[in-house]
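So this one's input_7.csv, CSV, C-alpha atoms:
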```
chain,number,residue,atom,x,y,z
A,1,MET,CA,104.1,87.1,90.4
A,2,LEU,CA,107.4,85.8,91.7
A,3,ILE,CA,107.3,83.5,94.7
A,4,PHE,CA,110.5,82.2,96.4
A,5,ASN,CA,110.6,79.5,99.0
A,6,LYS,CA,114.4,79.4,99.4
A,7,GLN,CA,116.5,82.4,100.5
A,8,SER,CA,119.3,81.5,98.1
A,9,PHE,CA,117.0,82.0,95.1
A,10,LEU,CA,115.7,85.2,96.5
A,11,ILE,CA,119.2,86.6,97.1
A,12,GLU,CA,120.2,85.7,93.6
A,13,HIS,CA,117.2,87.6,92.2
A,14,LEU,CA,117.7,90.7,94.4
A,15,ALA,CA,121.4,91.0,94.0
A,16,PRO,CA,121.3,93.2,90.8
A,17,PHE,CA,118.9,95.6,92.6
A,18,TRP,CA,121.4,96.0,95.5
A,19,THR,CA,124.2,96.7,93.0
A,20,SER,CA,122.2,99.4,91.3
A,21,LYS,CA,121.0,100.8,94.7
A,22,THR,CA,117.4,100.3,93.7
A,23,SER,CA,114.9,101.2,96.5
A,24,ILE,CA,113.5,98.0,98.0
A,25,GLY,CA,110.4,98.1,100.3
A,26,PHE,CA,109.8,95.1,102.6
A,27,VAL,CA,106.7,94.0,104.6
A,28,PRO,CA,107.4,91.2,107.0
A,29,THR,CA,104.3,89.1,108.0
A,30,MET,CA,103.2,85.8,109.4
A,31,GLY,CA,100.5,85.5,106.8
A,32,ALA,CA,96.7,85.3,107.3
A,33,LEU,CA,96.8,88.7,105.5
A,34,HIS,CA,94.2,91.4,106.0
A,35,ALA,CA,93.5,94.9,104.9
A,36,GLY,CA,96.2,96.2,107.3
A,37,HIS,CA,98.9,94.2,105.7
A,38,LEU,CA,97.7,95.3,102.2
A,39,SER,CA,97.9,98.9,103.3
A,40,LEU,CA,101.6,98.3,104.2
A,41,LEU,CA,102.2,96.8,100.8
A,42,ALA,CA,100.4,99.7,99.1
A,43,LYS,CA,102.7,102.1,101.0
A,44,SER,CA,105.7,100.2,99.9
A,45,LEU,CA,104.6,100.1,96.3
A,46,GLU,CA,104.1,103.9,96.4
A,47,ASN,CA,107.6,104.6,97.6
A,48,ASN,CA,109.8,101.9,96.3
A,49,ALA,CA,110.8,100.4,92.9
A,50,ILE,CA,110.7,96.8,94.4
A,51,THR,CA,108.4,95.5,97.0
A,52,VAL,CA,109.0,92.2,98.9
A,53,ILE,CA,106.6,90.6,101.4
A,54,SER,CA,107.6,87.7,103.6
A,55,ILE,CA,105.1,85.1,104.8
A,56,PHE,CA,106.6,83.1,107.6
A,57,VAL,CA,105.2,81.9,110.9
A,58,ASN,CA,108.2,82.3,113.1
A,59,PRO,CA,108.4,79.5,115.8
A,60,THR,CA,110.9,81.2,118.1
A,61,GLN,CA,108.6,84.2,118.9
A,62,PHE,CA,105.9,81.9,120.3
A,63,ASN,CA,106.2,81.1,124.0
A,64,ASN,CA,102.9,79.2,123.9
A,65,PRO,CA,103.1,76.0,121.7
A,66,GLU,CA,99.3,75.8,121.4
A,67,ASP,CA,99.3,79.4,120.0
A,68,LEU,CA,101.9,78.4,117.4
A,69,ALA,CA,100.0,75.3,116.4
A,70,LYS,CA,96.7,77.1,116.0
A,71,TYR,CA,98.1,80.2,114.2
A,72,PRO,CA,96.3,80.5,110.9
A,73,ARG,CA,98.2,79.5,107.8
A,74,THR,CA,96.5,80.6,104.6
A,75,LEU,CA,99.2,80.9,102.0
A,76,ASP,CA,97.1,80.3,98.9
A,77,ARG,CA,94.6,82.9,100.0
A,78,ASP,CA,97.3,85.3,101.0
A,79,ILE,CA,98.9,85.1,97.5
A,80,GLU,CA,95.5,85.8,95.9
A,81,LYS,CA,95.2,88.9,98.1
A,82,ILE,CA,98.7,90.1,97.2
A,83,GLU,CA,98.1,89.5,93.5
A,84,SER,CA,94.9,91.5,93.6
A,85,LEU,CA,96.9,94.5,94.8
A,86,SER,CA,99.9,94.0,92.4
A,87,LYS,CA,101.5,91.2,90.4
A,88,ASP,CA,104.8,92.9,90.8
A,89,ILE,CA,105.1,92.1,94.5
A,90,ILE,CA,107.8,89.5,95.3
A,91,VAL,CA,106.7,86.9,97.8
A,92,PHE,CA,109.2,85.2,100.1
A,93,ALA,CA,107.5,82.2,101.8
A,94,PRO,CA,110.4,80.1,103.2
A,95,THR,CA,110.3,76.9,105.3
A,96,VAL,CA,111.4,76.8,108.9
A,97,GLU,CA,114.4,74.7,107.8
A,98,ASP,CA,115.4,77.2,105.2
A,99,ILE,CA,115.5,80.0,107.8
A,100,TYR,CA,116.9,78.1,110.8
A,101,ALA,CA,118.6,75.1,109.2
A,102,GLN,CA,119.0,72.5,111.9
A,103,GLN,CA,118.8,74.7,115.0
A,104,ILE,CA,115.4,76.3,115.7
A,105,VAL,CA,116.6,78.7,118.5
A,106,SER,CA,116.6,82.4,118.9
A,107,LYS,CA,119.5,84.7,119.6
A,108,THR,CA,119.6,87.0,122.6
A,109,PHE,CA,119.0,90.7,122.1
A,110,GLN,CA,119.2,93.7,124.3
A,111,TYR,CA,116.9,96.6,123.5
A,112,ASP,CA,117.8,99.0,126.3
A,113,GLY,CA,114.9,97.8,128.4
A,114,LEU,CA,112.2,98.0,125.8
A,115,GLU,CA,111.9,94.3,125.9
A,116,ASN,CA,111.1,94.1,129.6
A,117,GLN,CA,107.7,96.0,129.3
A,118,MET,CA,104.2,94.8,128.4
A,119,GLU,CA,104.6,91.9,126.0
A,120,GLY,CA,108.0,91.2,127.3
A,121,LYS,CA,106.7,90.6,130.8
A,122,HIS,CA,103.9,88.2,129.6
A,123,ARG,CA,105.7,86.4,126.7
A,124,PRO,CA,109.2,85.4,127.9
A,125,GLY,CA,111.6,85.2,125.0
A,126,HIS,CA,109.2,86.7,122.5
A,127,PHE,CA,111.3,89.7,121.5
A,128,ASP,CA,114.4,87.5,121.1
A,129,GLY,CA,112.4,85.5,118.6
A,130,VAL,CA,111.3,88.7,116.9
A,131,GLY,CA,114.8,90.1,116.7
A,132,THR,CA,116.2,86.9,115.4
A,133,ILE,CA,113.8,86.6,112.5
A,134,VAL,CA,113.6,90.3,111.6
A,135,LYS,CA,117.4,90.7,111.6
A,136,ARG,CA,117.7,87.5,109.4
A,137,LEU,CA,115.1,88.8,107.0
A,138,PHE,CA,116.9,92.1,106.7
A,139,GLU,CA,120.1,90.3,106.0
A,140,ILE,CA,118.5,88.3,103.2
A,141,ILE,CA,116.5,91.0,101.6
A,142,LYS,CA,118.6,94.1,102.4
A,143,PRO,CA,115.6,96.5,102.1
A,144,THR,CA,115.9,100.3,102.1
A,145,HIS,CA,112.5,100.6,103.8
A,146,ALA,CA,110.6,98.2,106.0
A,147,TYR,CA,106.9,98.7,107.0
A,148,PHE,CA,105.3,97.8,110.3
A,149,GLY,CA,101.8,98.4,111.7
A,150,GLU,CA,101.4,100.4,114.8
A,151,LYS,CA,99.0,97.9,116.4
A,152,ASP,CA,102.2,96.1,117.5
A,153,PHE,CA,103.7,99.4,118.8
A,154,GLN,CA,106.1,97.8,121.2
A,155,GLN,CA,107.4,95.6,118.4
A,156,LEU,CA,107.8,98.7,116.2
A,157,GLN,CA,109.9,100.4,118.9
A,158,ILE,CA,111.9,97.1,119.3
A,159,VAL,CA,112.6,96.9,115.6
A,160,LYS,CA,113.8,100.5,115.5
A,161,LYS,CA,116.1,99.8,118.4
A,162,LEU,CA,117.4,96.6,116.7
A,163,VAL,CA,118.2,98.6,113.6
A,164,GLN,CA,119.9,101.3,115.6
A,165,LYS,CA,122.0,99.0,117.7
A,166,ASN,CA,123.1,96.8,114.8
A,167,ASN,CA,123.7,99.6,112.3
A,168,ILE,CA,121.3,98.1,109.8
A,169,PRO,CA,120.9,100.4,106.8
A,170,VAL,CA,117.1,100.3,106.6
A,171,GLN,CA,114.4,103.0,107.4
A,172,ILE,CA,111.6,101.6,109.6
A,173,VAL,CA,108.2,103.1,108.7
A,174,GLY,CA,105.4,102.8,111.2
A,175,CYS,CA,101.9,102.8,109.6
A,176,PRO,CA,98.4,103.4,111.2
A,177,ILE,CA,96.2,100.7,112.6
A,178,HIS,CA,93.4,99.4,110.4
A,179,ARG,CA,90.2,98.4,112.1
A,180,GLU,CA,87.0,96.5,111.4
A,181,GLU,CA,83.8,98.6,111.3
A,182,ASN,CA,83.2,98.0,115.0
A,183,GLY,CA,86.7,99.2,115.9
A,184,LEU,CA,88.3,95.9,116.5
A,185,ALA,CA,92.0,96.1,115.3
A,186,LEU,CA,92.7,94.0,112.3
A,187,SER,CA,94.8,91.0,113.3
A,188,SER,CA,95.6,87.6,111.8
A,189,ARG,CA,94.3,86.1,115.1
A,190,ASN,CA,90.9,87.5,114.3
A,191,GLU,CA,90.6,84.6,111.8
A,192,ARG,CA,90.1,82.4,114.9
A,193,LEU,CA,87.2,84.4,116.3
A,194,SER,CA,83.6,83.4,115.7
A,195,THR,CA,81.1,86.0,114.5
A,196,ALA,CA,79.8,86.5,118.0
A,197,GLU,CA,83.3,86.8,119.4
A,198,ARG,CA,84.3,89.4,116.8
A,199,LYS,CA,81.2,91.4,117.8
A,200,GLU,CA,82.0,91.2,121.5
A,201,ALA,CA,85.7,92.0,121.0
A,202,ALA,CA,84.7,95.5,119.9
A,203,LEU,CA,84.7,96.2,123.6
A,204,ILE,CA,88.5,96.4,123.5
A,205,PHE,CA,88.7,99.5,121.3
A,206,LYS,CA,85.6,101.0,122.9
A,207,THR,CA,87.4,100.7,126.3
A,208,LEU,CA,90.6,102.2,124.9
A,209,THR,CA,88.7,105.1,123.5
A,210,GLU,CA,87.0,105.7,126.9
A,211,ALA,CA,90.4,105.4,128.6
A,212,LYS,CA,91.8,108.1,126.4
A,213,MET,CA,89.0,110.4,127.4
A,214,TRP,CA,89.5,109.6,131.1
A,215,PHE,CA,93.2,110.2,130.8
A,216,GLY,CA,92.5,113.9,130.1
A,217,THR,CA,91.3,114.5,133.6
A,218,LYS,CA,92.2,111.4,135.7
A,219,SER,CA,95.5,109.8,136.8
A,220,ALA,CA,97.0,106.8,135.1
A,221,ARG,CA,96.1,104.7,138.1
A,222,GLU,CA,92.5,105.8,138.0
A,223,VAL,CA,92.3,105.0,134.3
A,224,THR,CA,93.9,101.6,134.8
A,225,THR,CA,91.3,100.8,137.5
A,226,PHE,CA,88.5,101.8,135.2
A,227,VAL,CA,89.8,99.4,132.5
A,228,GLU,CA,90.3,96.6,134.9
A,229,ASN,CA,86.7,96.9,136.1
A,230,VAL,CA,85.3,96.8,132.6
A,231,PHE,CA,86.7,93.3,132.1
A,232,LYS,CA,86.6,92.1,135.8
A,233,ASN,CA,83.5,89.8,135.5
A,234,HIS,CA,83.1,89.6,131.7
A,235,ALA,CA,81.8,86.2,130.6
A,236,THR,CA,84.0,85.6,127.6
A,237,MET,CA,86.8,88.1,127.9
A,238,SER,CA,89.6,88.4,130.4
A,239,LEU,CA,92.2,91.2,130.7
A,240,GLU,CA,95.8,90.1,130.7
A,241,TYR,CA,97.2,93.6,131.1
A,242,PHE,CA,96.4,97.3,130.6
A,243,GLU,CA,99.3,99.8,130.8
A,244,ILE,CA,99.8,103.4,130.1
A,245,ALA,CA,103.4,104.0,129.1
A,246,ASP,CA,105.8,106.5,127.7
A,247,GLU,CA,105.9,106.1,123.9
A,248,THR,CA,109.7,106.3,123.8
A,249,SER,CA,110.9,104.3,126.8
A,250,LEU,CA,107.7,102.2,127.2
A,251,ILE,CA,108.1,102.6,130.9
A,252,THR,CA,104.8,102.5,132.8
A,253,CYS,CA,103.4,106.0,133.7
A,254,LEU,CA,103.1,106.5,137.4
A,255,ARG,CA,102.6,110.3,137.3
A,256,LYS,CA,101.8,112.3,134.1
A,257,SER,CA,104.4,114.7,132.7
A,258,LYS,CA,103.5,117.4,130.3
A,259,ASN,CA,106.7,116.9,128.2
A,260,LYS,CA,106.0,113.2,127.5
A,261,GLN,CA,103.8,111.4,125.0
A,262,TYR,CA,101.8,108.5,126.4
A,263,ARG,CA,100.1,105.5,124.9
A,264,ALA,CA,97.7,102.9,126.3
A,265,PHE,CA,98.5,99.2,125.7
A,266,ILE,CA,96.1,96.3,126.2
A,267,ALA,CA,96.0,92.5,125.9
A,268,VAL,CA,92.8,90.6,126.2
A,269,PHE,CA,91.8,87.0,125.9
A,270,VAL,CA,88.6,86.3,124.0
A,271,ASN,CA,88.0,82.8,125.3
A,272,ASN,CA,91.5,81.4,124.5
A,273,ILE,CA,92.4,83.8,121.7
A,274,ARG,CA,94.8,86.6,122.7
A,275,LEU,CA,94.3,90.0,121.1
A,276,ILE,CA,96.3,93.2,121.6
A,277,ASP,CA,95.6,96.8,120.8
A,278,THR,CA,96.9,100.3,121.5
A,279,ILE,CA,95.9,103.9,121.3
A,280,SER,CA,97.8,107.2,121.5
A,281,LEU,CA,96.8,109.4,124.5
A,282,LYS,CA,97.8,112.7,122.9
```
Take the structure in the file and give it back as structure tokens.
Amino acid sequence: MLIFNKQSFLIEHLAPFWTSKTSIGFVPTMGALHAGHLSLLAKSLENNAITVISIFVNPTQFNNPEDLAKYPRTLDRDIEKIESLSKDIIVFAPTVEDIYAQQIVSKTFQYDGLENQMEGKHRPGHFDGVGTIVKRLFEIIKPTHAYFGEKDFQQLQIVKKLVQKNNIPVQIVGCPIHREENGLALSSRNERLSTAERKEAALIFKTLTEAKMWFGTKSAREVTTFVENVFKNHATMSLEYFEIADETSLITCLRKSKNKQYRAFIAVFVNNIRLIDTISLK
């Protein structure tokens, strides 16, 4: 397996594939890999001659320094998981200095308002950090296809908009959410949950599923009130937000329209660990 820590070496290795117009699949991650990440890699292996995965905890997309400090870093274990899938996958695990040089700051991006909803409201600067690193990785790797999980649905829409507005020649592929047996969406942050917390966190998806059922006959406001009440006096979980929004614009639904597709978005703290999830309301 090839592992690169410097972008200059990776660029040198990939250059012949760009010249020959070989299909390159790319899976950007922050490590602490789980079955969801591996499913993205499997999709890339199936549809591309070359597959690259990045493992990089990007400092500029964290608005909470404590969250950045505690984010799980499990590179050796990640490499073992990748190798169990295929030894042909190229790993790019750069240092912060290699990506940002001497200036660890994000650029400013406009995503036609997508950045102002949900995560954008609660994590100032987050999507500037996302745009900065994703655009940089696209410039380094020059993939033909890039794979993102739908759990971060807002991020998926942001990346599509980034590619569109910057004329980046890559096809963005959204892939289904992978879940634990109890419904909890797989996330690198789940590594920080205790066994008891993982069990309790199943309430998040259970509530989303019930909200979807309610949305068939109730208004968006009534569904939101229902979800807020579920978490109102919970001992270990607190609701940061629940929103029903248009899948394309991500604007909050105030009144349902038959010609729009809606999605529910949720962010919950399990003690001090922040988890997000989403479900289509089709």
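Closest approach to Asn166 (chain A) among A:Phe56, A:Arg192, A:Lys199, A:Gly131 is made by A:Gly131 (distances from all atoms listed in the file).
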With region 243-248 of chain A as the partner and 9 Å as the cut-off, tabulate the residues of region 105-166 of chain A that qualify, each row holding the nearest pair of atoms and their distance in Å to one decimal, using all atoms listed in the file, sorted by chain and rising number, as JSON lines.
```
{"residue": "A:Leu114", "atom": "CA", "partner": "A:Thr248", "partner_atom": "CA", "distance": 8.9}
{"residue": "A:Met118", "atom": "CA", "partner": "A:Glu243", "partner_atom": "CA", "distance": 7.4}
{"residue": "A:Phe153", "atom": "CA", "partner": "A:Glu247", "partner_atom": "CA", "distance": 8.7}
{"residue": "A:Gln154", "atom": "CA", "partner": "A:Glu247", "partner_atom": "CA", "distance": 8.7}
{"residue": "A:Gln157", "atom": "CA", "partner": "A:Thr248", "partner_atom": "CA", "distance": 7.7}
```
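The set of protein, DNA and RNA residues with any counted atom at most 8 Å from (118.2, 91.7, 114.9) (all atoms listed in the file) reads Phe109, Val130, Gly131, Thr132, Ile133, Val134, Lys135, Arg136, Val159, Leu162, Val163 and Asn166 of chain A.
If all atoms listed in the file are the atoms counted, then among A:Ile3, A:Ala101, A:Asn47, A:Phe127 the closest residue to Leu75 (chain A) is A:Ile3.
Note that CA of Glu115 (chain A) and CA of Thr60 (chain A) are 15.3 Å apart.
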Give me, as CSV, the closest atom pair and its distance (Å, one decimal) for every residue of region 20-128 of chain A within a cut-off of 12 Å of region 173-184 of chain A, counting only C-alpha atoms, rows sorted by chain and rising number.
```
residue,atom,partner,partner_atom,distance
A:Gly25,CA,A:Val173,CA,10.0
A:Phe26,CA,A:Val173,CA,10.2
A:Val27,CA,A:Val173,CA,10.1
A:His34,CA,A:His178,CA,9.2
A:Ala35,CA,A:His178,CA,7.1
A:Gly36,CA,A:His178,CA,5.3
A:His37,CA,A:His178,CA,8.9
A:Leu38,CA,A:His178,CA,10.1
A:Ser39,CA,A:Cys175,CA,8.4
A:Leu40,CA,A:Cys175,CA,7.0
A:Leu41,CA,A:Cys175,CA,10.7
A:Ala42,CA,A:Cys175,CA,11.1
A:Lys43,CA,A:Cys175,CA,8.7
A:Ser44,CA,A:Val173,CA,9.6
A:Asn47,CA,A:Val173,CA,11.2
```
Which neighbours of Ser54 (chain A) fall inside 9 Å, counting only C-alpha atoms, when residues of the same chain fewer than 6 positions from it are skipped, and could you give them as a PyMOL selection string? chain A and resi 26-31+90-94+137
Do you know which residues are at most 9 Å from Arg77 (chain A) counting all atoms listed in the file, after dropping those on the same chain fewer than 4 positions away, and could you put them as a ChimeraX atom specification? /A:32-33,81-82
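Using only C-alpha atoms for every distance, the candidate list A:Leu85, A:Val170, A:Val268, A:Ile276 yields A:Val268 as the residue closest to Glu240 (chain A).
In terms of minimum interatomic distance to Phe215 (chain A), A:Arg263 ranks closest within A:Lys107, A:Glu46, A:Arg263, A:Leu14, counting all atoms listed in the file.
Straight-line separation from CA of Val227 (chain A) to CA of Glu210 (chain A): 8.9 Å.
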May I ask which of the residues A:Ser23, A:Gln61, A:Thr278, A:Gln102 is the closest one to Thr209 (chain A), counting only C-alpha atoms? A:Thr278
Generate all heavy atoms for region 70-81 of chain A and emit them as a CSV table (one decimal), keeping the file's coordinate frame.
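What landed in selection37.csv:
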```
chain,number,residue,atom,x,y,z
A,70,LYS,N,98.0,76.7,116.4
A,70,LYS,CA,96.7,77.1,116.0
A,70,LYS,C,96.8,78.4,115.1
A,70,LYS,O,95.8,78.9,114.6
A,70,LYS,CB,95.8,77.4,117.1
A,70,LYS,CG,95.4,76.1,117.8
A,70,LYS,CD,94.3,76.4,118.9
A,70,LYS,CE,93.8,75.1,119.6
A,70,LYS,NZ,92.9,75.4,120.6
A,71,TYR,N,98.0,79.0,115.0
A,71,TYR,CA,98.1,80.2,114.2
A,71,TYR,C,97.7,80.0,112.8
A,71,TYR,O,98.1,79.0,112.2
A,71,TYR,CB,99.6,80.7,114.2
A,71,TYR,CG,99.7,82.2,113.8
A,71,TYR,CD1,99.5,83.2,114.8
A,71,TYR,CD2,99.8,82.6,112.5
A,71,TYR,CE1,99.6,84.5,114.4
A,71,TYR,CE2,99.9,83.9,112.2
A,71,TYR,CZ,99.8,84.9,113.1
A,71,TYR,OH,99.8,86.2,112.8
A,72,PRO,N,96.8,80.8,112.2
A,72,PRO,CA,96.3,80.5,110.9
A,72,PRO,C,97.3,80.6,109.8
A,72,PRO,O,98.2,81.5,109.8
A,72,PRO,CB,95.2,81.7,110.7
A,72,PRO,CG,95.6,82.7,111.7
A,72,PRO,CD,96.2,82.0,112.8
A,73,ARG,N,97.3,79.6,108.9
A,73,ARG,CA,98.2,79.5,107.8
A,73,ARG,C,97.3,79.4,106.5
A,73,ARG,O,96.7,78.4,106.3
A,73,ARG,CB,99.1,78.3,108.0
A,73,ARG,CG,100.1,78.4,109.1
A,73,ARG,CD,100.7,77.0,109.5
A,73,ARG,NE,101.7,77.1,110.5
A,73,ARG,CZ,101.6,77.3,111.8
A,73,ARG,NH1,100.3,77.3,112.3
A,73,ARG,NH2,102.6,77.3,112.6
A,74,THR,N,97.4,80.5,105.8
A,74,THR,CA,96.5,80.6,104.6
A,74,THR,C,97.2,81.1,103.4
A,74,THR,O,96.8,82.1,102.8
A,74,THR,CB,95.3,81.6,104.9
A,74,THR,OG1,95.9,82.8,105.3
A,74,THR,CG2,94.5,81.1,106.1
A,75,LEU,N,98.3,80.4,103.0
A,75,LEU,CA,99.2,80.9,102.0
A,75,LEU,C,98.6,81.1,100.7
A,75,LEU,O,98.8,82.2,100.0
A,75,LEU,CB,100.4,79.9,101.9
A,75,LEU,CG,101.5,80.4,100.8
A,75,LEU,CD1,102.1,81.7,101.2
A,75,LEU,CD2,102.6,79.3,100.7
A,76,ASP,N,97.8,80.2,100.2
A,76,ASP,CA,97.1,80.3,98.9
A,76,ASP,C,96.2,81.5,98.8
A,76,ASP,O,96.2,82.3,97.9
A,76,ASP,CB,96.3,79.1,98.5
A,76,ASP,CG,97.2,77.9,98.3
A,76,ASP,OD1,98.4,78.1,98.0
A,76,ASP,OD2,96.7,76.7,98.3
A,77,ARG,N,95.4,81.7,99.9
A,77,ARG,CA,94.6,82.9,100.0
A,77,ARG,C,95.4,84.2,100.1
A,77,ARG,O,95.0,85.2,99.5
A,77,ARG,CB,93.6,82.7,101.2
A,77,ARG,CG,92.4,83.7,101.2
A,77,ARG,CD,91.4,83.3,102.2
A,77,ARG,NE,91.9,83.3,103.5
A,77,ARG,CZ,91.2,82.9,104.6
A,77,ARG,NH1,90.0,82.4,104.4
A,77,ARG,NH2,91.7,82.9,105.8
A,78,ASP,N,96.5,84.1,100.8
A,78,ASP,CA,97.3,85.3,101.0
A,78,ASP,C,97.9,85.7,99.6
A,78,ASP,O,97.9,86.9,99.3
A,78,ASP,CB,98.5,85.0,101.9
A,78,ASP,CG,98.1,84.8,103.4
A,78,ASP,OD1,96.9,85.2,103.7
A,78,ASP,OD2,98.8,84.3,104.1
A,79,ILE,N,98.3,84.7,98.8
A,79,ILE,CA,98.9,85.1,97.5
A,79,ILE,C,97.8,85.7,96.6
A,79,ILE,O,98.1,86.6,95.9
A,79,ILE,CB,99.5,83.8,96.9
A,79,ILE,CG1,100.7,83.4,97.7
A,79,ILE,CG2,99.8,84.0,95.4
A,79,ILE,CD1,101.3,82.0,97.3
A,80,GLU,N,96.6,85.2,96.7
A,80,GLU,CA,95.5,85.8,95.9
A,80,GLU,C,95.3,87.3,96.3
A,80,GLU,O,95.1,88.1,95.4
A,80,GLU,CB,94.2,85.0,96.1
A,80,GLU,CG,94.2,83.7,95.5
A,80,GLU,CD,92.9,82.9,95.8
A,80,GLU,OE1,92.0,83.5,96.4
A,80,GLU,OE2,92.8,81.7,95.4
A,81,LYS,N,95.3,87.6,97.6
A,81,LYS,CA,95.2,88.9,98.1
A,81,LYS,C,96.3,89.8,97.6
A,81,LYS,O,96.1,91.0,97.2
A,81,LYS,CB,95.1,89.0,99.6
A,81,LYS,CG,93.8,88.4,100.1
A,81,LYS,CD,93.7,88.5,101.7
A,81,LYS,CE,92.4,87.9,102.2
A,81,LYS,NZ,92.4,87.9,103.7
```
